[in-house]
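start09.cif follows (mmCIF, N, CA and C atoms):
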data_upload
#
loop_
_atom_site.label_atom_id
_atom_site.label_comp_id
_atom_site.auth_asym_id
_atom_site.auth_seq_id
_atom_site.Cartn_x
_atom_site.Cartn_y
_atom_site.Cartn_z
N MET A 1 -2.22 32.01 -27.47
CA MET A 1 -3.10 31.51 -26.43
C MET A 1 -3.63 30.13 -26.80
N LEU A 2 -3.86 29.33 -25.78
CA LEU A 2 -4.36 27.98 -26.00
C LEU A 2 -5.87 27.88 -25.79
N SER A 3 -6.53 28.97 -25.55
CA SER A 3 -7.96 28.94 -25.25
C SER A 3 -8.81 28.48 -26.43
N HIS A 4 -8.29 28.58 -27.64
CA HIS A 4 -9.07 28.17 -28.82
C HIS A 4 -9.00 26.66 -29.06
N MET A 5 -8.11 25.95 -28.36
CA MET A 5 -7.98 24.49 -28.54
C MET A 5 -9.09 23.78 -27.77
N PRO A 6 -9.65 22.70 -28.34
CA PRO A 6 -10.70 21.98 -27.63
C PRO A 6 -10.13 21.27 -26.39
N LYS A 7 -10.92 21.25 -25.34
CA LYS A 7 -10.50 20.58 -24.11
C LYS A 7 -10.83 19.09 -24.23
N THR A 8 -9.93 18.26 -23.76
CA THR A 8 -10.17 16.82 -23.76
C THR A 8 -10.34 16.35 -22.32
N ARG A 9 -11.19 15.37 -22.16
CA ARG A 9 -11.41 14.81 -20.83
C ARG A 9 -10.62 13.52 -20.71
N THR A 10 -9.94 13.37 -19.62
CA THR A 10 -9.24 12.11 -19.36
C THR A 10 -10.20 11.20 -18.62
N GLU A 11 -10.17 9.94 -18.98
CA GLU A 11 -11.05 8.99 -18.31
C GLU A 11 -10.45 8.59 -16.98
N ARG A 12 -11.27 8.61 -15.97
CA ARG A 12 -10.85 8.20 -14.65
C ARG A 12 -11.30 6.77 -14.42
N PRO A 13 -10.50 5.98 -13.70
CA PRO A 13 -10.94 4.62 -13.40
C PRO A 13 -12.15 4.66 -12.47
N SER A 14 -13.03 3.72 -12.65
CA SER A 14 -14.21 3.67 -11.79
C SER A 14 -13.78 3.32 -10.36
N ARG A 15 -14.62 3.64 -9.42
CA ARG A 15 -14.30 3.42 -8.01
C ARG A 15 -14.02 1.95 -7.71
N GLY A 16 -14.70 1.04 -8.37
CA GLY A 16 -14.52 -0.38 -8.14
C GLY A 16 -13.15 -0.90 -8.55
N GLN A 17 -12.47 -0.22 -9.45
CA GLN A 17 -11.17 -0.67 -9.92
C GLN A 17 -10.04 -0.29 -8.97
N LYS A 18 -10.27 0.59 -8.01
CA LYS A 18 -9.21 1.09 -7.15
C LYS A 18 -8.91 0.16 -5.98
N THR A 19 -9.84 -0.65 -5.54
CA THR A 19 -9.65 -1.47 -4.35
C THR A 19 -9.32 -2.90 -4.72
N GLY A 20 -8.81 -3.66 -3.74
CA GLY A 20 -8.50 -5.07 -3.95
C GLY A 20 -9.73 -5.96 -3.85
N PHE A 21 -10.82 -5.44 -3.26
CA PHE A 21 -12.04 -6.22 -3.12
C PHE A 21 -12.92 -6.00 -4.34
N ARG A 22 -13.48 -7.07 -4.87
CA ARG A 22 -14.35 -7.02 -6.04
C ARG A 22 -15.68 -7.69 -5.70
N PRO A 23 -16.77 -7.24 -6.31
CA PRO A 23 -18.05 -7.93 -6.09
C PRO A 23 -17.94 -9.39 -6.53
N GLY A 24 -18.37 -10.28 -5.66
CA GLY A 24 -18.28 -11.71 -5.95
C GLY A 24 -19.60 -12.30 -6.38
N HIS A 25 -19.70 -13.63 -6.31
CA HIS A 25 -20.90 -14.34 -6.76
C HIS A 25 -22.12 -13.99 -5.92
N SER A 26 -21.91 -13.74 -4.63
CA SER A 26 -23.04 -13.45 -3.75
C SER A 26 -23.47 -11.99 -3.80
N GLY A 27 -22.67 -11.14 -4.49
CA GLY A 27 -22.96 -9.72 -4.54
C GLY A 27 -22.16 -8.92 -3.54
N ALA A 28 -21.63 -9.60 -2.52
CA ALA A 28 -20.78 -8.92 -1.52
C ALA A 28 -19.36 -8.80 -2.08
N CYS A 29 -18.59 -7.86 -1.55
CA CYS A 29 -17.20 -7.71 -1.97
C CYS A 29 -16.38 -8.84 -1.33
N GLU A 30 -15.50 -9.44 -2.13
CA GLU A 30 -14.73 -10.56 -1.61
C GLU A 30 -13.30 -10.56 -2.15
N ALA A 31 -12.42 -11.20 -1.41
CA ALA A 31 -11.02 -11.38 -1.80
C ALA A 31 -10.60 -12.77 -1.33
N ARG A 32 -9.57 -13.30 -1.94
CA ARG A 32 -9.04 -14.60 -1.56
C ARG A 32 -7.75 -14.40 -0.77
N LEU A 33 -7.57 -15.20 0.29
CA LEU A 33 -6.37 -15.11 1.11
C LEU A 33 -5.44 -16.27 0.74
N TYR A 34 -4.24 -15.92 0.26
CA TYR A 34 -3.24 -16.92 -0.14
C TYR A 34 -2.08 -16.92 0.84
N GLN A 35 -1.51 -18.12 1.08
CA GLN A 35 -0.30 -18.24 1.89
C GLN A 35 0.82 -18.74 0.98
N PHE A 36 1.88 -17.96 0.88
CA PHE A 36 3.05 -18.31 0.08
C PHE A 36 4.16 -18.77 1.02
N THR A 37 4.70 -19.97 0.76
CA THR A 37 5.80 -20.49 1.56
C THR A 37 7.03 -20.56 0.67
N GLY A 38 8.13 -20.04 1.18
CA GLY A 38 9.37 -20.01 0.42
C GLY A 38 10.31 -21.14 0.80
N VAL A 39 11.49 -21.13 0.19
CA VAL A 39 12.51 -22.13 0.44
C VAL A 39 13.50 -21.56 1.46
N THR A 40 13.92 -22.42 2.42
CA THR A 40 14.90 -22.00 3.42
C THR A 40 16.29 -22.36 2.96
N ILE A 41 17.22 -21.47 3.19
CA ILE A 41 18.62 -21.75 2.92
C ILE A 41 19.29 -21.92 4.27
N GLY A 42 19.77 -23.13 4.56
CA GLY A 42 20.36 -23.40 5.87
C GLY A 42 19.28 -23.75 6.88
N GLU A 43 19.58 -23.50 8.14
CA GLU A 43 18.65 -23.79 9.23
C GLU A 43 17.64 -22.65 9.40
N GLY A 44 16.53 -22.96 10.00
CA GLY A 44 15.54 -21.92 10.27
C GLY A 44 14.20 -22.21 9.62
N GLN A 45 13.26 -21.37 9.95
CA GLN A 45 11.91 -21.51 9.42
C GLN A 45 11.82 -20.94 8.01
N PRO A 46 11.05 -21.59 7.13
CA PRO A 46 10.87 -21.04 5.78
C PRO A 46 10.06 -19.74 5.84
N PRO A 47 10.35 -18.79 4.96
CA PRO A 47 9.59 -17.53 4.95
C PRO A 47 8.15 -17.77 4.49
N ILE A 48 7.22 -17.14 5.21
CA ILE A 48 5.80 -17.27 4.88
C ILE A 48 5.22 -15.88 4.71
N GLU A 49 4.50 -15.66 3.62
CA GLU A 49 3.83 -14.38 3.35
C GLU A 49 2.35 -14.65 3.10
N TRP A 50 1.50 -13.80 3.65
CA TRP A 50 0.06 -13.87 3.45
C TRP A 50 -0.35 -12.72 2.54
N VAL A 51 -1.16 -13.03 1.52
CA VAL A 51 -1.60 -12.01 0.56
C VAL A 51 -3.11 -12.16 0.33
N ALA A 52 -3.84 -11.05 0.47
CA ALA A 52 -5.27 -11.02 0.12
C ALA A 52 -5.38 -10.33 -1.24
N ALA A 53 -5.97 -11.03 -2.20
CA ALA A 53 -6.08 -10.50 -3.56
C ALA A 53 -7.39 -10.99 -4.19
N SER A 54 -7.77 -10.33 -5.29
CA SER A 54 -9.01 -10.71 -5.96
C SER A 54 -8.88 -12.03 -6.70
N ASP A 55 -7.66 -12.38 -7.15
CA ASP A 55 -7.43 -13.66 -7.81
C ASP A 55 -5.95 -14.06 -7.68
N PHE A 56 -5.63 -15.25 -8.17
CA PHE A 56 -4.28 -15.80 -8.04
C PHE A 56 -3.25 -14.95 -8.78
N HIS A 57 -3.61 -14.46 -9.96
CA HIS A 57 -2.66 -13.68 -10.76
C HIS A 57 -2.29 -12.36 -10.07
N GLU A 58 -3.25 -11.75 -9.41
CA GLU A 58 -2.98 -10.52 -8.66
C GLU A 58 -2.06 -10.81 -7.47
N ALA A 59 -2.26 -11.95 -6.81
CA ALA A 59 -1.41 -12.33 -5.68
C ALA A 59 0.03 -12.58 -6.13
N ILE A 60 0.19 -13.26 -7.27
CA ILE A 60 1.54 -13.51 -7.80
C ILE A 60 2.21 -12.20 -8.19
N ALA A 61 1.47 -11.29 -8.81
CA ALA A 61 2.03 -9.99 -9.19
C ALA A 61 2.51 -9.22 -7.96
N TYR A 62 1.74 -9.28 -6.87
CA TYR A 62 2.12 -8.63 -5.63
C TYR A 62 3.41 -9.24 -5.07
N MET A 63 3.49 -10.56 -5.07
CA MET A 63 4.69 -11.24 -4.55
C MET A 63 5.92 -10.89 -5.39
N ARG A 64 5.77 -10.84 -6.69
CA ARG A 64 6.91 -10.50 -7.55
C ARG A 64 7.38 -9.08 -7.32
N LYS A 65 6.44 -8.17 -7.04
CA LYS A 65 6.82 -6.77 -6.85
C LYS A 65 7.44 -6.53 -5.47
N TRP A 66 6.83 -7.05 -4.40
CA TRP A 66 7.24 -6.71 -3.05
C TRP A 66 8.10 -7.76 -2.36
N HIS A 67 8.10 -9.01 -2.83
CA HIS A 67 8.88 -10.07 -2.19
C HIS A 67 9.62 -10.88 -3.25
N SER A 68 10.32 -10.20 -4.13
CA SER A 68 11.01 -10.87 -5.24
C SER A 68 12.17 -11.74 -4.77
N ASP A 69 12.64 -11.53 -3.55
CA ASP A 69 13.77 -12.31 -3.03
C ASP A 69 13.36 -13.70 -2.53
N ILE A 70 12.05 -13.94 -2.37
CA ILE A 70 11.57 -15.24 -1.88
C ILE A 70 11.38 -16.20 -3.05
N GLU A 71 12.00 -17.36 -2.95
CA GLU A 71 11.78 -18.41 -3.95
C GLU A 71 10.58 -19.23 -3.49
N ILE A 72 9.46 -19.08 -4.19
CA ILE A 72 8.20 -19.69 -3.77
C ILE A 72 8.23 -21.20 -4.00
N GLN A 73 7.92 -21.94 -2.93
CA GLN A 73 7.88 -23.40 -3.00
C GLN A 73 6.45 -23.91 -3.00
N ARG A 74 5.56 -23.19 -2.28
CA ARG A 74 4.19 -23.69 -2.13
C ARG A 74 3.22 -22.51 -1.98
N VAL A 75 2.03 -22.66 -2.57
CA VAL A 75 0.98 -21.64 -2.46
C VAL A 75 -0.31 -22.36 -2.05
N GLU A 76 -0.98 -21.79 -1.04
CA GLU A 76 -2.26 -22.35 -0.59
C GLU A 76 -3.33 -21.28 -0.61
N LEU A 77 -4.53 -21.64 -1.06
CA LEU A 77 -5.69 -20.77 -0.91
C LEU A 77 -6.25 -21.07 0.47
N VAL A 78 -6.12 -20.13 1.39
CA VAL A 78 -6.45 -20.37 2.78
C VAL A 78 -7.92 -20.07 3.08
N ALA A 79 -8.42 -18.95 2.57
CA ALA A 79 -9.78 -18.55 2.90
C ALA A 79 -10.33 -17.58 1.86
N MET A 80 -11.64 -17.40 1.92
CA MET A 80 -12.32 -16.39 1.13
C MET A 80 -12.80 -15.33 2.12
N ILE A 81 -12.40 -14.09 1.91
CA ILE A 81 -12.80 -12.99 2.79
C ILE A 81 -13.96 -12.27 2.12
N GLU A 82 -15.05 -12.10 2.87
CA GLU A 82 -16.24 -11.46 2.31
C GLU A 82 -16.67 -10.30 3.21
N LEU A 83 -16.86 -9.13 2.60
CA LEU A 83 -17.36 -7.96 3.31
C LEU A 83 -18.80 -7.71 2.88
N VAL A 84 -19.72 -7.84 3.80
CA VAL A 84 -21.12 -7.59 3.46
C VAL A 84 -21.40 -6.10 3.52
N SER A 85 -22.40 -5.66 2.80
CA SER A 85 -22.75 -4.25 2.77
C SER A 85 -23.12 -3.79 4.18
N GLY A 86 -22.63 -2.63 4.55
CA GLY A 86 -22.90 -2.10 5.88
C GLY A 86 -21.86 -2.50 6.90
N SER A 87 -20.85 -3.26 6.48
CA SER A 87 -19.78 -3.67 7.38
C SER A 87 -18.99 -2.44 7.81
N PRO A 88 -18.45 -2.41 9.04
CA PRO A 88 -17.65 -1.25 9.45
C PRO A 88 -16.39 -1.08 8.62
N LEU A 89 -15.93 -2.11 7.92
CA LEU A 89 -14.75 -2.02 7.07
C LEU A 89 -15.11 -1.51 5.68
N ASN A 90 -16.37 -1.45 5.38
CA ASN A 90 -16.83 -1.09 4.04
C ASN A 90 -16.83 0.39 3.83
#
Write out the structure in this file as structure tokens.
Amino acid sequence: MLSHMPKTRTERPSRGQKTGFRPGHSGACEARLYQFTGVTIGEGQPPIEWVAASDFHEAIAYMRKWHSDIEIQRVELVAMIELVSGSPLN
């Protein structure tokens, strides 16, 4: 029987680590909106992807995982998204 063995607790990540929004300088949860523009091969519009992330490194990691086929030519920080406490999205 295993009942005589001590039980160990696994640490769970805190609730704040699960979401893409993090508390910012103002105290409200915020994320940055990035626009990634790729290179076009032949005629047509270049591929554009929008990513909301807590920082630039998180946005790049997302692009590498989900859009690895796009050769990134340009990245712009478009906006700062802020959710105030009591927001319907909160």
So that I can check the surroundings of segment 55-72 of chain A, please list as a ChimeraX atom specification every protein, DNA and RNA residue that reaches within 8 Å of it, counting only N, CA and C atoms and ignoring chain neighbours fewer than 4 positions away.
/A:20,30-34,36-40,47,51
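In this model, the gap between atom CA of Arg74 of chain A and atom CA of Trp50 of chain A comes to 12.0 Å.
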Which residues in segment 28-82 of chain A does DSSP call strand (DSSP E or B)? List them as a PyMOL selection string.
chain A and resi 29-38+48-53+72-82
Figure out the distance between atom C of Gln35 of chain A and atom N of Val75 of chain A, please, to one decimal in Å.
5.4 Å
In Å, with one decimal, what is the gap from atom C of Gly27 of chain A to atom C of Glu76 of chain A?
22.7 Å
